[in-house]
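coords-v8.cif follows (mmCIF, C-alpha atoms):
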```
data_protein
#
loop_
_atom_site.group_PDB
_atom_site.id
_atom_site.type_symbol
_atom_site.label_atom_id
_atom_site.label_comp_id
_atom_site.auth_asym_id
_atom_site.auth_seq_id
_atom_site.Cartn_x
_atom_site.Cartn_y
_atom_site.Cartn_z
ATOM 1 C CA MET A 1 -34.234 -156.511 169.654
ATOM 2 C CA GLU A 2 -30.889 -154.806 170.191
ATOM 3 C CA HIS A 3 -29.315 -152.908 167.307
ATOM 4 C CA PRO A 4 -25.667 -152.096 168.091
ATOM 5 C CA PHE A 5 -24.507 -148.662 167.063
ATOM 6 C CA ALA A 6 -21.335 -146.605 167.130
ATOM 7 C CA HIS A 7 -20.707 -142.888 167.499
ATOM 8 C CA LEU A 8 -18.828 -140.339 165.411
ATOM 9 C CA LYS A 9 -18.010 -137.033 167.072
ATOM 10 C CA THR A 10 -18.407 -134.190 164.599
ATOM 11 C CA GLU A 11 -18.104 -130.491 165.370
ATOM 12 C CA ILE A 12 -21.838 -130.388 166.060
ATOM 13 C CA LEU A 13 -23.078 -133.879 166.862
ATOM 14 C CA ASP A 14 -22.343 -137.069 168.680
ATOM 15 C CA LEU A 15 -23.676 -138.838 165.601
ATOM 16 C CA ALA A 16 -24.928 -142.391 166.146
ATOM 17 C CA PHE A 17 -24.854 -144.885 163.290
ATOM 18 C CA GLU A 18 -25.228 -148.583 162.628
ATOM 19 C CA ARG A 19 -22.755 -150.404 160.411
ATOM 20 C CA ARG A 20 -22.980 -153.709 158.569
ATOM 21 C CA GLY A 21 -20.609 -155.507 156.238
ATOM 22 C CA GLU A 22 -16.849 -155.560 155.915
ATOM 23 C CA ARG A 23 -14.661 -152.484 156.097
ATOM 24 C CA GLY A 24 -13.151 -152.082 152.681
ATOM 25 C CA GLY A 25 -16.376 -153.009 150.928
ATOM 26 C CA PHE A 26 -17.960 -150.469 148.622
ATOM 27 C CA PRO A 27 -19.428 -147.781 150.915
ATOM 28 C CA VAL A 28 -23.165 -147.106 151.094
ATOM 29 C CA ILE A 29 -24.982 -144.653 153.368
ATOM 30 C CA LEU A 30 -28.711 -145.149 153.950
ATOM 31 C CA LEU A 31 -30.715 -142.191 155.265
ATOM 32 C CA HIS A 32 -34.135 -142.353 156.897
ATOM 33 C CA GLY A 33 -36.836 -139.709 157.005
ATOM 34 C CA PHE A 34 -39.548 -138.366 159.324
ATOM 35 C CA PRO A 35 -41.030 -140.057 161.277
ATOM 36 C CA TYR A 36 -38.838 -143.142 160.838
ATOM 37 C CA ASP A 37 -35.354 -144.326 161.822
ATOM 38 C CA PRO A 38 -32.725 -146.879 160.680
ATOM 39 C CA ARG A 39 -35.217 -149.747 161.065
ATOM 40 C CA SER A 40 -36.565 -148.708 157.661
ATOM 41 C CA PHE A 41 -33.366 -150.113 156.155
ATOM 42 C CA ASP A 42 -32.802 -153.339 158.101
ATOM 43 C CA VAL A 43 -33.448 -155.713 155.202
ATOM 44 C CA VAL A 44 -31.742 -153.422 152.698
ATOM 45 C CA ALA A 45 -28.635 -153.043 154.846
ATOM 46 C CA ASP A 46 -28.326 -156.769 155.572
ATOM 47 C CA GLN A 47 -28.625 -157.735 151.913
ATOM 48 C CA LEU A 48 -26.185 -155.085 150.739
ATOM 49 C CA ALA A 49 -23.676 -156.220 153.346
ATOM 50 C CA GLN A 50 -23.974 -159.767 152.030
ATOM 51 C CA ASN A 51 -23.194 -158.406 148.563
ATOM 52 C CA GLY A 52 -19.924 -156.748 149.498
ATOM 53 C CA ALA A 53 -21.034 -153.348 150.771
ATOM 54 C CA ASP A 54 -19.829 -151.454 153.824
ATOM 55 C CA VAL A 55 -23.200 -150.099 154.954
ATOM 56 C CA ILE A 56 -23.644 -147.133 157.290
ATOM 57 C CA VAL A 57 -27.104 -146.180 158.555
ATOM 58 C CA PRO A 58 -27.078 -143.030 160.722
ATOM 59 C CA TYR A 59 -29.694 -141.758 163.122
ATOM 60 C CA LEU A 60 -30.479 -138.259 161.863
ATOM 61 C CA ARG A 61 -30.163 -135.311 164.228
ATOM 62 C CA GLY A 62 -33.030 -135.434 166.711
ATOM 63 C CA TYR A 63 -33.477 -139.213 166.468
ATOM 64 C CA GLY A 64 -32.446 -142.145 168.627
ATOM 65 C CA PRO A 65 -29.036 -141.940 170.315
ATOM 66 C CA THR A 66 -27.701 -139.046 168.181
ATOM 67 C CA ARG A 67 -27.073 -136.004 170.381
ATOM 68 C CA PHE A 68 -25.956 -132.392 169.986
ATOM 69 C CA ARG A 69 -22.605 -131.791 171.642
ATOM 70 C CA SER A 70 -23.516 -128.355 172.981
ATOM 71 C CA ASP A 71 -26.657 -127.017 174.615
ATOM 72 C CA ASP A 72 -25.984 -123.766 172.760
ATOM 73 C CA THR A 73 -26.256 -125.260 169.265
ATOM 74 C CA ARG A 74 -29.466 -124.386 167.506
ATOM 75 C CA ARG A 75 -31.693 -127.429 166.995
ATOM 76 C CA SER A 76 -31.995 -126.844 163.284
ATOM 77 C CA GLY A 77 -33.774 -129.209 160.938
ATOM 78 C CA GLN A 78 -33.070 -127.249 157.756
ATOM 79 C CA GLN A 79 -31.833 -128.983 154.614
ATOM 80 C CA ALA A 80 -28.294 -127.572 154.846
ATOM 81 C CA ALA A 81 -27.929 -128.883 158.386
ATOM 82 C CA LEU A 82 -28.905 -132.385 157.297
ATOM 83 C CA ALA A 83 -26.494 -132.149 154.370
ATOM 84 C CA ARG A 84 -23.703 -130.956 156.661
ATOM 85 C CA ASP A 85 -24.233 -133.949 158.941
ATOM 86 C CA LEU A 86 -23.957 -136.278 155.955
ATOM 87 C CA GLY A 87 -20.807 -134.547 154.744
ATOM 88 C CA ASP A 88 -19.297 -134.809 158.216
ATOM 89 C CA LEU A 89 -20.159 -138.518 158.321
ATOM 90 C CA ILE A 90 -18.442 -139.149 154.974
ATOM 91 C CA ASP A 91 -15.344 -137.235 156.075
ATOM 92 C CA GLY A 92 -15.247 -138.594 159.615
ATOM 93 C CA LEU A 93 -15.432 -142.226 158.526
ATOM 94 C CA HIS A 94 -13.024 -141.581 155.604
ATOM 95 C CA LEU A 95 -15.477 -143.002 153.091
ATOM 96 C CA ASP A 96 -14.406 -142.920 149.454
ATOM 97 C CA ARG A 97 -17.282 -141.495 147.399
ATOM 98 C CA PRO A 98 -20.081 -143.600 148.885
ATOM 99 C CA ILE A 99 -23.411 -144.285 147.246
ATOM 100 C CA VAL A 100 -25.988 -142.400 149.288
ATOM 101 C CA ALA A 101 -29.643 -143.420 149.323
ATOM 102 C CA GLY A 102 -32.512 -141.886 151.225
ATOM 103 C CA PHE A 103 -36.168 -140.977 151.420
ATOM 104 C CA ASP A 104 -38.050 -138.027 152.886
ATOM 105 C CA TRP A 105 -35.584 -136.067 155.104
ATOM 106 C CA GLY A 106 -32.900 -138.585 154.208
ATOM 107 C CA GLY A 107 -33.527 -138.114 150.512
ATOM 108 C CA ARG A 108 -33.256 -134.358 150.985
ATOM 109 C CA ALA A 109 -29.960 -134.734 152.856
ATOM 110 C CA ALA A 110 -28.618 -136.967 150.086
ATOM 111 C CA CYS A 111 -29.700 -134.621 147.289
ATOM 112 C CA ALA A 112 -28.389 -131.544 149.101
ATOM 113 C CA ALA A 113 -25.012 -133.150 149.786
ATOM 114 C CA ALA A 114 -24.755 -134.186 146.128
ATOM 115 C CA VAL A 115 -25.411 -130.553 145.152
ATOM 116 C CA LEU A 116 -22.921 -129.082 147.626
ATOM 117 C CA TRP A 117 -20.117 -131.657 147.429
ATOM 118 C CA PRO A 118 -20.417 -133.804 144.298
ATOM 119 C CA GLN A 119 -16.793 -134.841 144.769
ATOM 120 C CA LYS A 120 -17.760 -136.619 148.005
ATOM 121 C CA VAL A 121 -20.740 -138.557 146.617
ATOM 122 C CA GLY A 122 -20.113 -141.465 144.267
ATOM 123 C CA GLY A 123 -23.744 -142.098 143.393
ATOM 124 C CA LEU A 124 -27.272 -141.293 144.495
ATOM 125 C CA VAL A 125 -30.437 -143.350 144.879
ATOM 126 C CA ALA A 126 -33.124 -140.712 145.325
ATOM 127 C CA ILE A 127 -36.363 -142.219 146.583
ATOM 128 C CA GLY A 128 -39.046 -139.759 145.476
ATOM 129 C CA GLY A 129 -36.601 -137.814 143.329
ATOM 130 C CA TYR A 130 -35.131 -134.342 143.738
ATOM 131 C CA SER A 131 -36.122 -132.796 147.069
ATOM 132 C CA VAL A 132 -33.984 -129.677 147.504
ATOM 133 C CA TYR A 133 -36.245 -126.673 148.112
ATOM 134 C CA ASP A 134 -36.252 -122.879 147.845
ATOM 135 C CA PRO A 135 -37.929 -121.482 151.010
ATOM 136 C CA ARG A 136 -39.155 -118.397 149.136
ATOM 137 C CA VAL A 137 -41.074 -120.573 146.697
ATOM 138 C CA MET A 138 -42.280 -122.916 149.435
ATOM 139 C CA ALA A 139 -43.643 -119.941 151.372
ATOM 140 C CA SER A 140 -45.432 -118.258 148.484
ATOM 141 C CA VAL A 141 -46.523 -120.807 145.841
ATOM 142 C CA PRO A 142 -49.495 -122.961 146.888
ATOM 143 C CA ASP A 143 -50.076 -126.451 145.612
ATOM 144 C CA VAL A 144 -53.402 -127.869 144.480
ATOM 145 C CA PRO A 145 -55.780 -128.438 147.416
ATOM 146 C CA GLU A 146 -55.575 -132.233 147.162
ATOM 147 C CA LEU A 147 -51.833 -132.145 147.808
ATOM 148 C CA GLU A 148 -52.049 -129.379 150.413
ATOM 149 C CA ALA A 149 -54.506 -131.480 152.422
ATOM 150 C CA ARG A 150 -52.030 -134.357 152.595
ATOM 151 C CA ASP A 151 -49.544 -132.094 154.362
ATOM 152 C CA TRP A 152 -51.742 -131.313 157.356
ATOM 153 C CA HIS A 153 -48.894 -132.159 159.722
ATOM 154 C CA GLN A 154 -46.773 -129.382 158.216
ATOM 155 C CA TRP A 155 -49.440 -126.744 158.876
ATOM 156 C CA TYR A 156 -50.039 -128.183 162.354
ATOM 157 C CA PHE A 157 -46.374 -127.778 163.269
ATOM 158 C CA GLN A 158 -46.469 -124.064 162.444
ATOM 159 C CA LEU A 159 -48.549 -123.553 165.606
ATOM 160 C CA GLU A 160 -47.449 -123.878 169.216
ATOM 161 C CA ARG A 161 -50.457 -126.173 169.560
ATOM 162 C CA GLY A 162 -48.739 -128.432 167.002
ATOM 163 C CA ARG A 163 -45.447 -128.348 168.873
ATOM 164 C CA GLU A 164 -47.230 -129.370 172.056
ATOM 165 C CA GLY A 165 -49.191 -132.011 170.161
ATOM 166 C CA LEU A 166 -45.991 -133.547 168.817
ATOM 167 C CA ALA A 167 -44.376 -133.463 172.254
ATOM 168 C CA ARG A 168 -47.372 -135.048 173.963
ATOM 169 C CA TYR A 169 -48.515 -137.473 171.260
ATOM 170 C CA ARG A 170 -45.379 -138.195 169.267
ATOM 171 C CA ARG A 171 -46.132 -141.916 168.946
ATOM 172 C CA GLU A 172 -49.783 -141.427 168.097
ATOM 173 C CA LEU A 173 -48.966 -138.763 165.536
ATOM 174 C CA ALA A 174 -46.228 -140.813 163.903
ATOM 175 C CA ARG A 175 -48.424 -143.887 163.713
ATOM 176 C CA GLN A 176 -51.188 -141.809 162.120
ATOM 177 C CA LEU A 177 -48.752 -140.595 159.462
ATOM 178 C CA TRP A 178 -47.439 -144.124 158.820
ATOM 179 C CA SER A 179 -50.994 -145.292 158.162
ATOM 180 C CA GLU A 180 -51.896 -142.334 155.942
ATOM 181 C CA TRP A 181 -48.676 -142.273 153.931
ATOM 182 C CA SER A 182 -48.480 -146.023 153.279
ATOM 183 C CA PRO A 183 -52.128 -147.053 152.937
ATOM 184 C CA GLN A 184 -51.364 -150.589 151.718
ATOM 185 C CA TRP A 185 -48.639 -151.389 154.269
ATOM 186 C CA ARG A 186 -49.914 -153.604 157.079
ATOM 187 C CA PHE A 187 -47.196 -153.146 159.680
ATOM 188 C CA GLU A 188 -47.288 -154.817 163.090
ATOM 189 C CA GLY A 189 -47.303 -153.030 166.410
ATOM 190 C CA GLN A 190 -43.834 -154.322 167.224
ATOM 191 C CA THR A 191 -42.522 -152.946 163.921
ATOM 192 C CA PHE A 192 -43.758 -149.502 164.858
ATOM 193 C CA GLU A 193 -42.529 -149.670 168.447
ATOM 194 C CA GLU A 194 -38.988 -150.583 167.386
ATOM 195 C CA THR A 195 -38.812 -147.287 165.492
ATOM 196 C CA ALA A 196 -40.887 -145.191 167.907
ATOM 197 C CA ALA A 197 -38.193 -145.407 170.577
ATOM 198 C CA SER A 198 -36.122 -143.066 168.387
ATOM 199 C CA PHE A 199 -38.706 -140.311 168.861
ATOM 200 C CA ASP A 200 -37.836 -140.116 172.575
ATOM 201 C CA ASN A 201 -34.690 -138.194 171.689
ATOM 202 C CA PRO A 202 -34.723 -134.947 173.729
ATOM 203 C CA ASP A 203 -34.190 -132.855 170.583
ATOM 204 C CA PHE A 204 -36.782 -134.599 168.410
ATOM 205 C CA VAL A 205 -39.556 -132.034 168.813
ATOM 206 C CA ASP A 206 -37.328 -128.987 168.352
ATOM 207 C CA VAL A 207 -35.625 -130.380 165.228
ATOM 208 C CA VAL A 208 -38.891 -131.502 163.632
ATOM 209 C CA VAL A 209 -40.716 -128.239 164.319
ATOM 210 C CA HIS A 210 -37.821 -126.163 163.017
ATOM 211 C CA SER A 211 -37.572 -128.306 159.884
ATOM 212 C CA TYR A 212 -41.186 -127.630 158.957
ATOM 213 C CA ARG A 213 -41.202 -123.976 159.941
ATOM 214 C CA VAL A 214 -37.968 -122.908 158.269
ATOM 215 C CA ARG A 215 -38.921 -124.293 154.882
ATOM 216 C CA TYR A 216 -41.945 -121.958 154.797
ATOM 217 C CA GLY A 217 -40.058 -118.937 156.048
ATOM 218 C CA LEU A 218 -41.796 -119.003 159.443
ATOM 219 C CA ALA A 219 -38.556 -119.629 161.350
ATOM 220 C CA SER A 220 -35.104 -118.280 160.659
ATOM 221 C CA GLY A 221 -32.333 -120.597 159.580
ATOM 222 C CA ASP A 222 -29.135 -121.130 161.507
ATOM 223 C CA PRO A 223 -26.630 -118.505 160.284
ATOM 224 C CA ALA A 224 -23.962 -121.218 160.240
ATOM 225 C CA TYR A 225 -25.659 -122.682 157.154
ATOM 226 C CA GLU A 226 -26.504 -119.448 155.333
ATOM 227 C CA SER A 227 -24.040 -119.845 152.465
ATOM 228 C CA MET A 228 -25.091 -123.460 151.883
ATOM 229 C CA GLU A 229 -28.764 -122.478 151.928
ATOM 230 C CA THR A 230 -28.073 -119.770 149.354
ATOM 231 C CA THR A 231 -26.594 -122.396 147.049
ATOM 232 C CA LEU A 232 -29.399 -124.879 147.659
ATOM 233 C CA SER A 233 -32.201 -122.350 147.193
ATOM 234 C CA ALA A 234 -31.201 -122.037 143.528
ATOM 235 C CA ARG A 235 -32.050 -125.752 143.238
ATOM 236 C CA PRO A 236 -28.997 -126.639 141.111
ATOM 237 C CA LEU A 237 -28.758 -129.739 138.974
ATOM 238 C CA ILE A 238 -27.276 -132.846 140.563
ATOM 239 C CA ASP A 239 -24.237 -134.068 138.665
ATOM 240 C CA VAL A 240 -23.609 -137.551 140.078
ATOM 241 C CA PRO A 241 -24.832 -140.914 138.731
ATOM 242 C CA THR A 242 -28.406 -141.291 139.974
ATOM 243 C CA ILE A 243 -31.232 -143.786 140.064
ATOM 244 C CA VAL A 244 -34.645 -142.396 141.023
ATOM 245 C CA ILE A 245 -37.228 -144.632 142.679
ATOM 246 C CA ASP A 246 -40.817 -143.402 142.672
ATOM 247 C CA PRO A 247 -43.216 -145.190 145.064
ATOM 248 C CA THR A 248 -46.617 -145.487 143.396
ATOM 249 C CA GLN A 249 -48.624 -145.785 146.642
ATOM 250 C CA ASP A 250 -47.060 -142.836 148.465
ATOM 251 C CA ALA A 251 -49.973 -140.741 149.728
ATOM 252 C CA VAL A 252 -47.691 -137.741 150.326
ATOM 253 C CA MET A 253 -46.461 -137.204 146.793
ATOM 254 C CA PRO A 254 -47.631 -138.859 143.562
ATOM 255 C CA PRO A 255 -44.936 -140.194 141.221
ATOM 256 C CA LEU A 256 -43.573 -138.106 138.372
ATOM 257 C CA SER A 257 -42.679 -139.164 134.860
ATOM 258 C CA ARG A 258 -39.101 -139.940 133.947
ATOM 259 C CA GLU A 259 -39.041 -136.613 132.096
ATOM 260 C CA GLY A 260 -40.175 -134.841 135.254
ATOM 261 C CA HIS A 261 -37.151 -136.200 137.114
ATOM 262 C CA GLN A 262 -34.724 -135.904 134.221
ATOM 263 C CA GLU A 263 -34.593 -132.108 134.441
ATOM 264 C CA HIS A 264 -32.897 -132.275 137.855
ATOM 265 C CA PHE A 265 -30.197 -134.881 137.188
ATOM 266 C CA THR A 266 -27.447 -134.687 134.582
ATOM 267 C CA GLN A 267 -26.649 -138.396 134.973
ATOM 268 C CA LEU A 268 -29.988 -140.118 135.461
ATOM 269 C CA ILE A 269 -29.043 -143.768 135.023
ATOM 270 C CA ASP A 270 -32.540 -145.154 135.543
ATOM 271 C CA TYR A 271 -36.018 -144.342 136.791
ATOM 272 C CA ARG A 272 -37.936 -147.077 138.595
ATOM 273 C CA LEU A 273 -41.413 -147.416 140.030
ATOM 274 C CA SER A 274 -41.993 -149.206 143.333
ATOM 275 C CA PRO A 275 -45.373 -150.569 144.457
ATOM 276 C CA ALA A 276 -44.792 -149.073 147.907
ATOM 277 C CA GLY A 277 -45.846 -146.158 150.066
ATOM 278 C CA HIS A 278 -43.757 -143.465 151.705
ATOM 279 C CA ASN A 279 -41.544 -145.818 153.729
ATOM 280 C CA THR A 280 -40.297 -147.457 150.541
ATOM 281 C CA PRO A 281 -37.175 -149.225 151.903
ATOM 282 C CA GLN A 282 -39.155 -151.097 154.548
ATOM 283 C CA GLU A 283 -42.146 -151.813 152.319
ATOM 284 C CA ASP A 284 -40.237 -152.765 149.177
ATOM 285 C CA PRO A 285 -36.615 -153.477 150.096
ATOM 286 C CA GLU A 286 -35.999 -155.485 146.914
ATOM 287 C CA THR A 287 -36.315 -152.452 144.633
ATOM 288 C CA VAL A 288 -33.976 -150.396 146.823
ATOM 289 C CA ILE A 289 -31.398 -153.201 147.056
ATOM 290 C CA ALA A 290 -31.433 -153.804 143.298
ATOM 291 C CA SER A 291 -31.131 -150.086 142.562
ATOM 292 C CA ILE A 292 -28.075 -149.652 144.790
ATOM 293 C CA LEU A 293 -26.362 -152.752 143.423
ATOM 294 C CA ASP A 294 -27.133 -151.752 139.835
ATOM 295 C CA LEU A 295 -25.825 -148.234 140.418
ATOM 296 C CA HIS A 296 -22.661 -149.658 141.954
ATOM 297 C CA ALA A 297 -22.171 -151.848 138.880
ATOM 298 C CA VAL A 298 -22.541 -148.838 136.574
ATOM 299 C CA ILE A 299 -20.056 -146.800 138.607
ATOM 300 C CA GLN A 300 -17.583 -149.696 138.629
ATOM 301 C CA SER A 301 -17.852 -150.231 134.875
ATOM 302 C CA ARG A 302 -17.243 -146.546 134.269
ATOM 303 C CA SER A 303 -14.153 -146.499 136.482
ATOM 304 C CA LEU A 304 -12.734 -149.594 134.758
ATOM 305 C CA SER A 305 -13.184 -148.013 131.333
ATOM 306 C CA LEU A 306 -11.166 -144.908 132.257
#
```
What is this file in structure tokens?
Amino acid sequence: MEHPFAHLKTEILDLAFERRGERGGFPVILLHGFPYDPRSFDVVADQLAQNGADVIVPYLRGYGPTRFRSDDTRRSGQQAALARDLGDLIDGLHLDRPIVAGFDWGGRAACAAAVLWPQKVGGLVAIGGYSVYDPRVMASVPDVPELEARDWHQWYFQLERGREGLARYRRELARQLWSEWSPQWRFEGQTFEETAASFDNPDFVDVVVHSYRVRYGLASGDPAYESMETTLSARPLIDVPTIVIDPTQDAVMPPLSREGHQEHFTQLIDYRLSPAGHNTPQEDPETVIASILDLHAVIQSRSLSL
């Protein structure tokens, strides 16, 4: 099935994105994670568009038709780079304080952008909660063995053997992670293959490997993002209206309590549980749709009362 996309030229990327709904609708940006792509949001995007939203779903750097504009640009996957891409998308499309929603890498990009440029972000739907990290803590503070074991792919990618494994078996590895991370999701082969084409991007391996190495201090960050990383490493509070969705069947990270999330958000509007795994938007689109529409209603009511 064809999925038409457009391109936005930023300073760094030829950034590919899909768009649904009418221009002039309330803007929403939906951000996928690893190893997924915009197909995670197909149902969500269609339903939001039918409810008056102007929906933008980008392919993150290293995925699908998104390309770096220069061979000399470092293929960084660090959190500040993902945030910068989101900020450039908001500016380049002249979006007025969109609601941003994401999971995994996309959730990190959304949280980081809300930290760095709260004036650009109208609201946040954080699937899995706050995901900004401090590399010094990531590199030095171990988790309990049960959780460490779930992150085998991260340790694998620290080795050149892991880089080669991802390059040679990117589909097999991604499908393994889909099955592990969403143990109750019975996806079809065609569902996987529609997303797997995005892993053929020539920068996929480099961006993924850098993302997992830099967060543990085993690769240097791009100096272009140093000041942003300094800000993010302090893990500041997020000061935009937020709804957190916690998937209860996510084998990567167990859900937290509302109180556990509350400490990161000054405007936590709601905290919701979803009976889904890691790929929450594709497994449980209804909860994501309702959360975005409810957040939009709250933001609208606040603006009308001013």
(Q) Can you tell me which residues surround stretch 287-294 of chain A at a distance of at most 12 Å, considering all atoms listed in the file, apart from same-chain residues fewer than 3 positions away, and format the answer as a ChimeraX atom specification? (A) /A:26-30,40-53,55,98-103,122-128,241-247,269-276,279-284,297-301
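Note that the spacing between atom CA of A:Ala113 and atom CA of A:Arg175 amounts to 29.3 Å.
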Q.
I'd like the contact shell of A:Glu263 - 10 Å cut-off, all atoms listed in the file, skipping same-chain residues fewer than 6 positions apart - returned as a list of chain:residue names.
A.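 Listed by chain and then number, they are A:Tyr130, A:Leu237, A:Ile238.
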Contact check, stretch 28-113 of chain A to stretch 202-206 of chain A, at most 7 Å, counting all atoms listed in the file, closest pairs as JSON lines:
```
{"residue": "A:Gly62", "atom": "CA", "partner": "A:Phe204", "partner_atom": "CA", "distance": 4.2}
{"residue": "A:Tyr63", "atom": "CA", "partner": "A:Phe204", "partner_atom": "CA", "distance": 6.0}
{"residue": "A:Arg75", "atom": "CA", "partner": "A:Asp206", "partner_atom": "CA", "distance": 6.0}
```
(Q) Applying 6 Å and all atoms listed in the file, which residues near A:Ser211 remain after dropping the ones on its own chain fewer than 2 positions away? List them as a PyMOL selection string. (A) chain A and resi 77-78+208-209+213-214
**Q.** Shortest interatomic distance to A:Glu160 - which of A:Phe68, A:His210, A:Gly25, A:Glu180, counting only C-alpha atoms
**A.**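 Checking each of A:Phe68, A:His210, A:Gly25, A:Glu180 against A:Glu160, counting only C-alpha atoms, the winner is A:His210.
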Q.
Calculated over all atoms listed in the file, which of the candidates A:Ala219, A:Leu95, A:Leu116, A:Ala6 has the smallest distance to A:Gly24?
A. A:Leu95
Q) Written as a list in words, what is the full residue list that the PyMOL selection byres ((chain A and resi 150-153) around 10) yields on the file shown? A) Pro145, Glu146, Leu147, Glu148, Ala149, Gln154, Trp155, Tyr156, Phe157, Gln158, Gly162, Leu166, Leu173, Ala174, Leu177, Glu180, Trp181, Tyr212, Ala251, Val252 and Met253 of chain A
(Q) Selection in question (the file shown): the PyMOL selection byres ((chain A and resi 90) around 12). Which residues does it include, as a PyMOL selection string? (A) chain A and resi 8+10+15+17+27-30+55-58+83-89+91-100+110+113-114+117+119-122
I need the residues from that last selection saved to file as an mmCIF file, in the coordinates of the input (with C-alpha atoms), if you can.
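Full text of again.cif as output:
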```cif
data_model
loop_
_atom_site.group_PDB
_atom_site.id
_atom_site.type_symbol
_atom_site.label_atom_id
_atom_site.label_comp_id
_atom_site.auth_asym_id
_atom_site.auth_seq_id
_atom_site.Cartn_x
_atom_site.Cartn_y
_atom_site.Cartn_z
ATOM 1 C CA LEU A 8 -18.828 -140.339 165.411
ATOM 2 C CA THR A 10 -18.407 -134.190 164.599
ATOM 3 C CA LEU A 15 -23.676 -138.838 165.601
ATOM 4 C CA PHE A 17 -24.854 -144.885 163.290
ATOM 5 C CA PRO A 27 -19.428 -147.781 150.915
ATOM 6 C CA VAL A 28 -23.165 -147.106 151.094
ATOM 7 C CA ILE A 29 -24.982 -144.653 153.368
ATOM 8 C CA LEU A 30 -28.711 -145.149 153.950
ATOM 9 C CA VAL A 55 -23.200 -150.099 154.954
ATOM 10 C CA ILE A 56 -23.644 -147.133 157.290
ATOM 11 C CA VAL A 57 -27.104 -146.180 158.555
ATOM 12 C CA PRO A 58 -27.078 -143.030 160.722
ATOM 13 C CA ALA A 83 -26.494 -132.149 154.370
ATOM 14 C CA ARG A 84 -23.703 -130.956 156.661
ATOM 15 C CA ASP A 85 -24.233 -133.949 158.941
ATOM 16 C CA LEU A 86 -23.957 -136.278 155.955
ATOM 17 C CA GLY A 87 -20.807 -134.547 154.744
ATOM 18 C CA ASP A 88 -19.297 -134.809 158.216
ATOM 19 C CA LEU A 89 -20.159 -138.518 158.321
ATOM 20 C CA ASP A 91 -15.344 -137.235 156.075
ATOM 21 C CA GLY A 92 -15.247 -138.594 159.615
ATOM 22 C CA LEU A 93 -15.432 -142.226 158.526
ATOM 23 C CA HIS A 94 -13.024 -141.581 155.604
ATOM 24 C CA LEU A 95 -15.477 -143.002 153.091
ATOM 25 C CA ASP A 96 -14.406 -142.920 149.454
ATOM 26 C CA ARG A 97 -17.282 -141.495 147.399
ATOM 27 C CA PRO A 98 -20.081 -143.600 148.885
ATOM 28 C CA ILE A 99 -23.411 -144.285 147.246
ATOM 29 C CA VAL A 100 -25.988 -142.400 149.288
ATOM 30 C CA ALA A 110 -28.618 -136.967 150.086
ATOM 31 C CA ALA A 113 -25.012 -133.150 149.786
ATOM 32 C CA ALA A 114 -24.755 -134.186 146.128
ATOM 33 C CA TRP A 117 -20.117 -131.657 147.429
ATOM 34 C CA GLN A 119 -16.793 -134.841 144.769
ATOM 35 C CA LYS A 120 -17.760 -136.619 148.005
ATOM 36 C CA VAL A 121 -20.740 -138.557 146.617
ATOM 37 C CA GLY A 122 -20.113 -141.465 144.267
#
```
Q.
What's the separation between atom CA of A:Leu218 and atom CA of A:Pro135, in Å to one decimal place?
A.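 The value is 9.6 Å.
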Q) Which residues fall under the PyMOL selection byres ((chain A and resi 185) around 8) in this file, as a ChimeraX atom specification? A) /A:179,182-184,186-187,276-277,283
Q | Counting all atoms listed in the file, the residue of A:Ser303, A:Thr230, A:Asn201, A:Thr73 that sits nearest A:Asp134 | A |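 Among the listed residues, the smallest separation from A:Asp134 belongs to A:Thr230.
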Q.
Rounded to one decimal, what separation in Å do you get between atom CA of A:Gly64 and atom CA of A:Phe192?
A.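 Atom-to-atom, atom CA of A:Gly64 and atom CA of A:Phe192 are spaced 14.0 Å apart.
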